[in-house]
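Dropping entry.pdb in here (PDB, C-alpha atoms):
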```pdb
ATOM      1  CA  MET A   1       0.000   0.000   0.000
ATOM      2  CA  GLY A   2       1.384   3.390  -0.967
ATOM      3  CA  THR A   3       2.223   6.150   1.479
ATOM      4  CA  LEU A   4      -0.869   8.202   0.578
ATOM      5  CA  SER A   5      -3.185   5.209   0.891
ATOM      6  CA  ALA A   6      -1.617   4.208   4.184
ATOM      7  CA  PHE A   7      -2.138   7.716   5.531
ATOM      8  CA  ALA A   8      -5.771   7.709   4.404
ATOM      9  CA  GLU A   9      -6.342   4.384   6.168
ATOM     10  CA  ALA A  10      -4.721   5.677   9.358
ATOM     11  CA  SER A  11      -6.671   8.939   9.497
ATOM     12  CA  VAL A  12     -10.170   9.313  10.895
ATOM     13  CA  GLN A  13     -12.740  10.117   8.233
ATOM     14  CA  THR A  14     -15.200  12.916   8.913
ATOM     15  CA  PHE A  15     -18.521  13.739   7.255
ATOM     16  CA  GLU A  16     -18.676  17.459   7.958
ATOM     17  CA  GLY A  17     -21.315  19.243   5.891
ATOM     18  CA  GLU A  18     -22.780  16.083   4.370
ATOM     19  CA  LYS A  19     -26.564  15.965   4.269
ATOM     20  CA  VAL A  20     -29.241  13.308   4.215
ATOM     21  CA  PHE A  21     -32.242  14.170   2.056
ATOM     22  CA  ARG A  22     -35.732  12.676   2.161
ATOM     23  CA  VAL A  23     -38.003  12.777  -0.858
ATOM     24  CA  THR A  24     -41.159  10.995  -1.994
ATOM     25  CA  PRO A  25     -41.529  10.698  -5.769
ATOM     26  CA  HIS A  26     -45.211  10.858  -6.734
ATOM     27  CA  ASN A  27     -44.890   9.804 -10.377
ATOM     28  CA  GLU A  28     -42.524   8.080 -12.770
ATOM     29  CA  GLU A  29     -41.071  11.404 -13.908
ATOM     30  CA  GLN A  30     -39.932  12.142 -10.352
ATOM     31  CA  VAL A  31     -38.502   8.648 -10.016
ATOM     32  CA  GLU A  32     -36.495   9.407 -13.138
ATOM     33  CA  VAL A  33     -35.187  12.600 -11.505
ATOM     34  CA  LEU A  34     -33.672  10.488  -8.717
ATOM     35  CA  THR A  35     -32.238   8.105 -11.295
ATOM     36  CA  THR A  36     -30.629  11.064 -13.054
ATOM     37  CA  LEU A  37     -29.291  12.301  -9.725
ATOM     38  CA  ALA A  38     -27.693   8.922  -9.024
ATOM     39  CA  SER A  39     -26.174   8.732 -12.499
ATOM     40  CA  ASN A  40     -24.656  12.211 -12.332
ATOM     41  CA  MET A  41     -23.154  12.266  -8.851
ATOM     42  CA  GLN A  42     -22.108  10.086  -5.938
ATOM     43  CA  VAL A  43     -25.228   9.414  -3.865
ATOM     44  CA  ASP A  44     -25.450   6.957  -0.974
ATOM     45  CA  PHE A  45     -28.995   5.597  -0.825
ATOM     46  CA  TRP A  46     -30.092   4.688   2.703
ATOM     47  CA  HIS A  47     -33.664   3.737   1.874
ATOM     48  CA  PRO A  48     -34.097   1.867  -0.321
ATOM     49  CA  ASP A  49     -30.605   0.397  -0.718
ATOM     50  CA  SER A  50     -30.349   1.329  -4.387
ATOM     51  CA  VAL A  51     -31.894   3.832  -6.772
ATOM     52  CA  THR A  52     -33.005   0.877  -8.887
ATOM     53  CA  LEU A  53     -35.453  -0.037  -6.092
ATOM     54  CA  VAL A  54     -37.126   3.384  -5.946
ATOM     55  CA  LYS A  55     -40.864   3.282  -6.666
ATOM     56  CA  THR A  56     -43.628   5.856  -6.915
ATOM     57  CA  GLY A  57     -44.942   6.821  -3.470
ATOM     58  CA  MET A  58     -41.890   5.429  -1.656
ATOM     59  CA  THR A  59     -40.035   7.447   0.982
ATOM     60  CA  VAL A  60     -36.459   7.783  -0.245
ATOM     61  CA  ASP A  61     -33.509   8.765   1.962
ATOM     62  CA  PHE A  62     -30.056   9.407   0.537
ATOM     63  CA  ARG A  63     -26.762  10.932   1.636
ATOM     64  CA  VAL A  64     -24.846  13.479  -0.424
ATOM     65  CA  GLU A  65     -21.274  14.640   0.129
ATOM     66  CA  ALA A  66     -20.799  18.235   1.263
ATOM     67  CA  ASP A  67     -19.464  19.652  -2.008
ATOM     68  CA  LEU A  68     -22.395  18.191  -3.971
ATOM     69  CA  CYS A  69     -25.281  19.201  -1.704
ATOM     70  CA  SER A  70     -26.017  22.467  -3.500
ATOM     71  CA  GLU A  71     -26.023  20.734  -6.869
ATOM     72  CA  ALA A  72     -28.365  18.029  -5.575
ATOM     73  CA  GLU A  73     -30.783  20.576  -4.109
ATOM     74  CA  LYS A  74     -30.755  22.575  -7.347
ATOM     75  CA  LEU A  75     -31.624  19.477  -9.376
ATOM     76  CA  LEU A  76     -34.495  18.590  -7.048
ATOM     77  CA  GLN A  77     -35.838  22.154  -7.087
ATOM     78  CA  GLN A  78     -35.599  22.515 -10.856
ATOM     79  CA  ASN A  79     -37.675  19.380 -11.306
ATOM     80  CA  GLY A  80     -40.314  20.305  -8.730
ATOM     81  CA  LEU A  81     -39.429  17.463  -6.390
ATOM     82  CA  ASN A  82     -40.161  18.507  -2.806
ATOM     83  CA  TYR A  83     -37.561  17.362  -0.313
ATOM     84  CA  GLU A  84     -36.739  17.460   3.378
ATOM     85  CA  VAL A  85     -33.233  17.781   4.800
ATOM     86  CA  LEU A  86     -33.399  14.901   7.247
ATOM     87  CA  ILE A  87     -29.865  15.440   8.578
ATOM     88  CA  ASP A  88     -28.337  18.869   7.988
ATOM     89  CA  ASN A  89     -24.823  17.922   9.090
ATOM     90  CA  LEU A  90     -24.049  14.228   9.219
ATOM     91  CA  GLN A  91     -20.921  14.699  11.320
ATOM     92  CA  THR A  92     -22.909  16.397  14.082
ATOM     93  CA  ALA A  93     -25.323  13.470  14.157
ATOM     94  CA  LEU A  94     -22.443  10.995  14.267
ATOM     95  CA  ASP A  95     -20.706  12.906  17.052
ATOM     96  CA  GLY A  96     -23.813  12.384  19.154
ATOM     97  CA  GLN A  97     -23.340   8.610  18.893
ATOM     98  CA  PHE A  98     -20.048   8.904  20.731
ATOM     99  CA  ASP A  99     -21.673  10.669  23.668
ATOM    100  CA  SER A 100     -21.954   8.084  26.446
ATOM    101  CA  HIS A 101     -25.347   9.407  27.584
ATOM    102  CA  VAL A 102     -26.842   9.255  24.090
ATOM    103  CA  ARG A 103     -25.539   5.751  23.499
ATOM    104  CA  SER A 104     -26.762   4.420  26.828
ATOM    105  CA  ALA A 105     -30.196   5.965  26.261
ATOM    106  CA  GLY A 106     -30.466   4.386  22.824
ATOM    107  CA  HIS A 107     -29.437   0.873  23.771
ATOM    108  CA  GLN A 108     -30.229  -1.132  26.872
ATOM    109  CA  TYR A 109     -28.407  -4.426  27.283
ATOM    110  CA  GLU A 110     -31.170  -5.969  29.344
ATOM    111  CA  LYS A 111     -33.781  -5.126  26.713
ATOM    112  CA  TYR A 112     -32.133  -7.322  24.113
ATOM    113  CA  ASN A 113     -30.155  -9.788  26.216
ATOM    114  CA  ASN A 114     -32.487 -11.400  28.763
ATOM    115  CA  TRP A 115     -31.789 -14.999  27.744
ATOM    116  CA  GLU A 116     -30.771 -15.924  31.273
ATOM    117  CA  LYS A 117     -34.219 -14.920  32.481
ATOM    118  CA  ALA A 118     -35.816 -16.857  29.643
ATOM    119  CA  VAL A 119     -33.981 -20.050  30.544
ATOM    120  CA  ARG A 120     -34.826 -19.676  34.239
ATOM    121  CA  THR A 121     -38.540 -19.436  33.461
ATOM    122  CA  TYR A 122     -38.568 -22.542  31.264
ATOM    123  CA  GLY A 123     -41.137 -24.969  32.597
ATOM    124  CA  THR A 124     -42.943 -22.352  34.657
ATOM    125  CA  GLU A 125     -43.757 -19.604  32.162
ATOM    126  CA  THR A 126     -46.122 -20.913  29.474
ATOM    127  CA  ILE A 127     -45.221 -18.684  26.526
ATOM    128  CA  MET A 128     -41.450 -18.922  26.987
ATOM    129  CA  THR A 129     -41.643 -22.695  27.481
ATOM    130  CA  HIS A 130     -43.639 -23.017  24.266
ATOM    131  CA  LEU A 131     -41.146 -20.879  22.329
ATOM    132  CA  LEU A 132     -38.137 -22.833  23.563
ATOM    133  CA  ASP A 133     -39.872 -26.121  22.767
ATOM    134  CA  GLN A 134     -41.003 -25.154  19.269
ATOM    135  CA  LEU A 135     -38.273 -22.897  17.897
ATOM    136  CA  ASP A 136     -34.572 -23.230  17.184
ATOM    137  CA  PHE A 137     -32.556 -20.272  18.478
ATOM    138  CA  TYR A 138     -29.196 -19.440  16.908
ATOM    139  CA  ILE A 139     -26.890 -17.242  18.977
ATOM    140  CA  LEU A 140     -24.214 -15.809  16.704
ATOM    141  CA  PRO A 141     -21.025 -13.924  17.560
ATOM    142  CA  VAL A 142     -20.089 -10.654  15.888
ATOM    143  CA  PHE A 143     -18.720 -12.003  12.597
ATOM    144  CA  ASN A 144     -17.242  -8.760  11.312
ATOM    145  CA  ILE A 145     -15.167  -7.861  14.353
ATOM    146  CA  ASP A 146     -12.503  -5.909  12.473
ATOM    147  CA  GLY A 147     -15.119  -3.942  10.547
ATOM    148  CA  TYR A 148     -17.064  -3.203  13.743
ATOM    149  CA  VAL A 149     -13.981  -1.744  15.414
ATOM    150  CA  TYR A 150     -13.104   0.244  12.302
ATOM    151  CA  THR A 151     -16.546   1.849  12.077
ATOM    152  CA  TRP A 152     -16.201   3.213  15.621
ATOM    153  CA  THR A 153     -12.569   4.294  15.339
ATOM    154  CA  LYS A 154     -11.934   5.363  11.728
ATOM    155  CA  SER A 155     -15.059   5.778   9.593
ATOM    156  CA  ARG A 156     -18.525   5.682  11.138
ATOM    157  CA  MET A 157     -20.180   4.949   7.783
ATOM    158  CA  TRP A 158     -18.028   1.863   7.182
ATOM    159  CA  ARG A 159     -20.045  -1.372   6.830
ATOM    160  CA  LYS A 160     -17.602  -3.797   5.216
ATOM    161  CA  THR A 161     -14.985  -6.255   6.400
ATOM    162  CA  ARG A 162     -11.340  -5.196   6.457
ATOM    163  CA  SER A 163      -9.996  -8.003   4.290
ATOM    164  CA  THR A 164      -8.095  -7.428   1.054
ATOM    165  CA  ASN A 165      -9.556  -8.317  -2.341
ATOM    166  CA  ALA A 166      -7.399 -10.022  -4.943
ATOM    167  CA  GLY A 167      -6.823  -7.846  -7.986
ATOM    168  CA  SER A 168      -8.429  -4.795  -6.375
ATOM    169  CA  SER A 169      -7.220  -1.871  -4.283
ATOM    170  CA  CYS A 170     -10.601  -1.794  -2.564
ATOM    171  CA  ILE A 171     -10.489  -2.951   1.058
ATOM    172  CA  GLY A 172     -13.232  -5.169   2.462
ATOM    173  CA  THR A 173     -16.541  -6.630   1.326
ATOM    174  CA  ASP A 174     -20.044  -5.830   2.530
ATOM    175  CA  PRO A 175     -21.224  -9.188   3.981
ATOM    176  CA  ASN A 176     -24.862  -8.135   3.669
ATOM    177  CA  ARG A 177     -24.443  -7.912  -0.099
ATOM    178  CA  ASN A 178     -22.030 -10.776  -0.690
ATOM    179  CA  PHE A 179     -24.398 -12.824  -2.810
ATOM    180  CA  ASN A 180     -25.494 -12.718  -6.418
ATOM    181  CA  ALA A 181     -28.614 -10.563  -6.341
ATOM    182  CA  GLY A 182     -27.613  -7.860  -8.815
ATOM    183  CA  TRP A 183     -26.118  -5.458  -6.266
ATOM    184  CA  CYS A 184     -24.532  -2.359  -7.801
ATOM    185  CA  SER A 185     -25.429  -3.400 -11.328
ATOM    186  CA  LYS A 186     -26.115   0.246 -12.215
ATOM    187  CA  TYR A 187     -24.775   3.672 -11.266
ATOM    188  CA  VAL A 188     -21.613   2.335  -9.634
ATOM    189  CA  PHE A 189     -18.928   4.874  -8.742
ATOM    190  CA  SER A 190     -15.582   4.291  -7.053
ATOM    191  CA  TYR A 191     -17.402   5.867  -4.100
ATOM    192  CA  TYR A 192     -19.638   2.799  -3.838
ATOM    193  CA  ASN A 193     -16.662   0.498  -4.128
ATOM    194  CA  LYS A 194     -15.141   2.332  -1.186
ATOM    195  CA  TYR A 195     -18.059   1.540   1.094
ATOM    196  CA  ILE A 196     -19.878  -1.519  -0.259
ATOM    197  CA  HIS A 197     -17.458  -3.516  -2.420
ATOM    198  CA  ILE A 198     -19.104  -6.580  -3.937
ATOM    199  CA  PRO A 199     -16.657  -9.400  -4.754
ATOM    200  CA  ALA A 200     -16.424 -10.980  -8.175
ATOM    201  CA  ARG A 201     -18.662 -13.941  -8.911
ATOM    202  CA  GLY A 202     -17.403 -16.900  -6.933
ATOM    203  CA  GLY A 203     -16.034 -14.684  -4.151
ATOM    204  CA  LYS A 204     -16.556 -15.240  -0.454
ATOM    205  CA  VAL A 205     -16.189 -13.135   2.663
ATOM    206  CA  LYS A 206     -12.866 -14.097   4.194
ATOM    207  CA  MET A 207     -14.027 -13.805   7.793
ATOM    208  CA  ILE A 208     -16.349 -16.766   7.229
ATOM    209  CA  GLU A 209     -13.442 -18.891   6.047
ATOM    210  CA  MET A 210     -11.335 -17.786   8.992
ATOM    211  CA  ILE A 211     -13.793 -19.024  11.617
ATOM    212  CA  GLY A 212     -14.374 -22.270   9.751
ATOM    213  CA  LEU A 213     -18.051 -21.861   8.924
ATOM    214  CA  ASP A 214     -19.549 -23.204   5.726
ATOM    215  CA  LEU A 215     -22.373 -20.751   5.100
ATOM    216  CA  ASN A 216     -23.447 -21.339   1.512
ATOM    217  CA  TRP A 217     -25.777 -18.358   1.591
ATOM    218  CA  PHE A 218     -22.738 -16.148   2.112
ATOM    219  CA  THR A 219     -21.173 -17.400  -1.123
ATOM    220  CA  VAL A 220     -21.630 -15.779  -4.489
ATOM    221  CA  GLN A 221     -22.494 -18.742  -6.679
ATOM    222  CA  PRO A 222     -20.709 -18.954 -10.063
TER     223      PRO A 222
END
```
Rewrite the coordinates I just gave you, this time as structure tokens.
Amino acid sequence: MGTLSAFAEASVQTFEGEKVFRVTPHNEEQVEVLTTLASNMQVDFWHPDSVTLVKTGMTVDFRVEADLCSEAEKLLQQNGLNYEVLIDNLQTALDGQFDSHVRSAGHQYEKYNNWEKAVRTYGTETIMTHLLDQLDFYILPVFNIDGYVYTWTKSRMWRKTRSTNAGSSCIGTDPNRNFNAGWCSKYVFSYYNKYIHIPARGGKVKMIEMIGLDLNWFTVQP
């Protein structure tokens, strides 16, 4: 890895001035406006996951880099597409996630991790006993440990692994999109490759191989 690339990897990425827009296209012409937007600039679609999934009447959220926000707003205004600025400064919103009070208020361990209580009530609590008798529960570790650490220490928008990809300078693979379902078949910029690299057909997330699991649904079939 070159000196510049190594420096970029070591530095903490910020998202100062980036905005998240919310729009609702009411006809096919307005859907086409969003398609044009995605084809002309780097847009990160939050909902739905891709511009190709946008439908009439659907609420659409997307992130735009700071230096492109004015251009994006101008395009929306010129085409009569009403929009809401859902997040005016993404970095400010992300900074709030690092506040211990905000994080503790948003997540309660006991709310999502009361399995000990569930096991203790087996045989005495009817509903829990029925669930444990009838369902298979799979308790999984955090597969993408390196990516999880990286998203809290280097780039909060990171959602990939940190493994290398043969024949590519792009680091990591998005495990949620590591299967052949037509991800990024249109409007793909190097920007997308930076955040949600999809391996070539036949590829596999390396973290799965490392922990010795044979998860066929994680494999891109040839």
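Proximity of A:Trp158, A:Trp152, A:Phe45, A:Phe21 to Gly172 in chain A, computed with only C-alpha atoms, is greatest for A:Trp158.
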(request) Could you check which of A:Tyr83, A:Phe98, A:Phe143, A:Phe137 is closest to Val60 in chain A, using all atoms listed in the file? (result) A:Tyr83
(message) Expand the PyMOL selection byres ((chain A and resi 160) around 7) into the explicit residue set it covers here, and present it as a ChimeraX atom specification.
(response) /A:147,158-159,161-162,172-175,195-196
Selection above as a file: C-alpha atoms, as a compact mmCIF listing (two decimals), in the frame of the given file:
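again_29.txt was written with the following content:
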```txt
# COMPACT_ATOMS: atom_id res chain seq x y z
CA GLY A 147 -15.12 -3.94 10.55
CA TRP A 158 -18.03 1.86 7.18
CA ARG A 159 -20.05 -1.37 6.83
CA THR A 161 -14.98 -6.26 6.40
CA ARG A 162 -11.34 -5.20 6.46
CA GLY A 172 -13.23 -5.17 2.46
CA THR A 173 -16.54 -6.63 1.33
CA ASP A 174 -20.04 -5.83 2.53
CA PRO A 175 -21.22 -9.19 3.98
CA TYR A 195 -18.06 1.54 1.09
CA ILE A 196 -19.88 -1.52 -0.26
```
(request) Taking the file as shown, find all residues satisfying the PyMOL selection byres ((chain A and resi 16) around 7) and write them as a PyMOL selection string. (result) chain A and resi 14-15+17-18+89-91
(request) Could you tell me how far CA of Asp61 in chain A lies from CA of His47 in chain A, in Å and to one decimal? (result) 5.0 Å
(request) Using the chain letters and numbers from the file, give me the residues hit by the PyMOL selection byres ((chain A and resi 30) around 12), as number ranges by chain. (result) A: 23-29, 31-37, 54-58, 60, 75-83
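The shortest atom-to-atom distance to Tyr138 in chain A, with only C-alpha atoms taken into account, belongs to A:Trp115 out of A:Trp115, A:Ser11, A:Thr126, A:Ala38.
Between CA of Val12 in chain A and CA of Val149 in chain A there is a distance of 12.5 Å.
Counting from CA of Ile145 in chain A, the distance to CA of Trp46 in chain A is 22.7 Å.
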(message) Please determine, counting all atoms listed in the file, which residue among A:Asn144, A:Lys74, A:Val119, A:Arg156 has the shortest atom-to-atom distance to Gly96 in chain A.
(response) A:Arg156
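Minimum atom-to-atom distances from A:Ser155, A:Phe62, A:Leu132, A:Pro48 to Arg120 in chain A were compared using all atoms listed in the file, and the lowest value belongs to A:Leu132.
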Could you add the missing atoms to range 166-177 of chain A, up to all heavy atoms, and return them as a PDB file, in the coordinates of the input?
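Final file, result-v4.pdb:
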```pdb
ATOM      1  N   ALA A 166      -8.380  -9.725  -3.895  1.00  0.00           N
ATOM      2  CA  ALA A 166      -7.399 -10.022  -4.943  1.00  0.00           C
ATOM      3  C   ALA A 166      -7.697  -9.236  -6.208  1.00  0.00           C
ATOM      4  O   ALA A 166      -8.838  -9.194  -6.673  1.00  0.00           O
ATOM      5  CB  ALA A 166      -7.398 -11.523  -5.239  1.00  0.00           C
ATOM      6  N   GLY A 167      -6.677  -8.590  -6.742  1.00  0.00           N
ATOM      7  CA  GLY A 167      -6.823  -7.846  -7.986  1.00  0.00           C
ATOM      8  C   GLY A 167      -7.530  -6.519  -7.837  1.00  0.00           C
ATOM      9  O   GLY A 167      -7.925  -5.910  -8.836  1.00  0.00           O
ATOM     10  N   SER A 168      -7.725  -6.060  -6.605  1.00  0.00           N
ATOM     11  CA  SER A 168      -8.429  -4.795  -6.375  1.00  0.00           C
ATOM     12  C   SER A 168      -7.761  -4.038  -5.243  1.00  0.00           C
ATOM     13  O   SER A 168      -7.262  -4.632  -4.281  1.00  0.00           O
ATOM     14  CB  SER A 168      -9.897  -5.060  -6.020  1.00  0.00           C
ATOM     15  OG  SER A 168     -10.544  -3.847  -5.635  1.00  0.00           O
ATOM     16  N   SER A 169      -7.759  -2.709  -5.348  1.00  0.00           N
ATOM     17  CA  SER A 169      -7.220  -1.871  -4.283  1.00  0.00           C
ATOM     18  C   SER A 169      -8.279  -1.574  -3.231  1.00  0.00           C
ATOM     19  O   SER A 169      -7.994  -0.948  -2.215  1.00  0.00           O
ATOM     20  CB  SER A 169      -6.697  -0.549  -4.871  1.00  0.00           C
ATOM     21  OG  SER A 169      -7.766   0.154  -5.512  1.00  0.00           O
ATOM     22  N   CYS A 170      -9.501  -2.045  -3.481  1.00  0.00           N
ATOM     23  CA  CYS A 170     -10.601  -1.794  -2.564  1.00  0.00           C
ATOM     24  C   CYS A 170     -10.517  -2.737  -1.368  1.00  0.00           C
ATOM     25  O   CYS A 170     -10.398  -3.956  -1.528  1.00  0.00           O
ATOM     26  CB  CYS A 170     -11.934  -1.985  -3.281  1.00  0.00           C
ATOM     27  SG  CYS A 170     -13.367  -1.588  -2.269  1.00  0.00           S
ATOM     28  N   ILE A 171     -10.579  -2.172  -0.173  1.00  0.00           N
ATOM     29  CA  ILE A 171     -10.489  -2.951   1.058  1.00  0.00           C
ATOM     30  C   ILE A 171     -11.878  -3.393   1.497  1.00  0.00           C
ATOM     31  O   ILE A 171     -12.812  -2.602   1.536  1.00  0.00           O
ATOM     32  CB  ILE A 171      -9.833  -2.137   2.188  1.00  0.00           C
ATOM     33  CG1 ILE A 171      -8.412  -1.735   1.789  1.00  0.00           C
ATOM     34  CG2 ILE A 171      -9.820  -2.928   3.496  1.00  0.00           C
ATOM     35  CD1 ILE A 171      -7.478  -2.913   1.602  1.00  0.00           C
ATOM     36  N   GLY A 172     -12.009  -4.674   1.832  1.00  0.00           N
ATOM     37  CA  GLY A 172     -13.232  -5.169   2.462  1.00  0.00           C
ATOM     38  C   GLY A 172     -14.356  -5.519   1.509  1.00  0.00           C
ATOM     39  O   GLY A 172     -14.356  -5.167   0.331  1.00  0.00           O
ATOM     40  N   THR A 173     -15.338  -6.228   2.045  1.00  0.00           N
ATOM     41  CA  THR A 173     -16.541  -6.630   1.326  1.00  0.00           C
ATOM     42  C   THR A 173     -17.733  -6.462   2.255  1.00  0.00           C
ATOM     43  O   THR A 173     -17.649  -6.770   3.436  1.00  0.00           O
ATOM     44  CB  THR A 173     -16.442  -8.100   0.874  1.00  0.00           C
ATOM     45  OG1 THR A 173     -15.349  -8.248  -0.023  1.00  0.00           O
ATOM     46  CG2 THR A 173     -17.715  -8.551   0.193  1.00  0.00           C
ATOM     47  N   ASP A 174     -18.830  -5.963   1.735  1.00  0.00           N
ATOM     48  CA  ASP A 174     -20.044  -5.830   2.530  1.00  0.00           C
ATOM     49  C   ASP A 174     -20.689  -7.217   2.660  1.00  0.00           C
ATOM     50  O   ASP A 174     -21.220  -7.744   1.686  1.00  0.00           O
ATOM     51  CB  ASP A 174     -21.008  -4.859   1.851  1.00  0.00           C
ATOM     52  CG  ASP A 174     -22.258  -4.595   2.679  1.00  0.00           C
ATOM     53  OD1 ASP A 174     -22.491  -5.341   3.651  1.00  0.00           O
ATOM     54  OD2 ASP A 174     -22.995  -3.659   2.362  1.00  0.00           O
ATOM     55  N   PRO A 175     -20.678  -7.830   3.840  1.00  0.00           N
ATOM     56  CA  PRO A 175     -21.224  -9.188   3.981  1.00  0.00           C
ATOM     57  C   PRO A 175     -22.724  -9.259   3.743  1.00  0.00           C
ATOM     58  O   PRO A 175     -23.252 -10.316   3.400  1.00  0.00           O
ATOM     59  CB  PRO A 175     -20.863  -9.579   5.422  1.00  0.00           C
ATOM     60  CG  PRO A 175     -20.679  -8.282   6.135  1.00  0.00           C
ATOM     61  CD  PRO A 175     -20.127  -7.344   5.111  1.00  0.00           C
ATOM     62  N   ASN A 176     -23.422  -8.140   3.912  1.00  0.00           N
ATOM     63  CA  ASN A 176     -24.862  -8.135   3.669  1.00  0.00           C
ATOM     64  C   ASN A 176     -25.206  -8.155   2.188  1.00  0.00           C
ATOM     65  O   ASN A 176     -26.372  -8.348   1.824  1.00  0.00           O
ATOM     66  CB  ASN A 176     -25.512  -6.910   4.322  1.00  0.00           C
ATOM     67  CG  ASN A 176     -25.474  -6.978   5.832  1.00  0.00           C
ATOM     68  OD1 ASN A 176     -25.688  -8.040   6.410  1.00  0.00           O
ATOM     69  ND2 ASN A 176     -25.192  -5.864   6.470  1.00  0.00           N
ATOM     70  N   ARG A 177     -24.206  -7.926   1.345  1.00  0.00           N
ATOM     71  CA  ARG A 177     -24.443  -7.912  -0.099  1.00  0.00           C
ATOM     72  C   ARG A 177     -23.520  -8.890  -0.818  1.00  0.00           C
ATOM     73  O   ARG A 177     -23.306  -8.775  -2.013  1.00  0.00           O
ATOM     74  CB  ARG A 177     -24.250  -6.495  -0.653  1.00  0.00           C
ATOM     75  CG  ARG A 177     -25.333  -5.538  -0.187  1.00  0.00           C
ATOM     76  CD  ARG A 177     -24.961  -4.097  -0.479  1.00  0.00           C
ATOM     77  NE  ARG A 177     -26.050  -3.203  -0.151  1.00  0.00           N
ATOM     78  CZ  ARG A 177     -26.350  -2.821   1.084  1.00  0.00           C
ATOM     79  NH1 ARG A 177     -25.653  -3.265   2.117  1.00  0.00           N
ATOM     80  NH2 ARG A 177     -27.363  -1.997   1.320  1.00  0.00           N
TER      81      ARG A 177
END
```
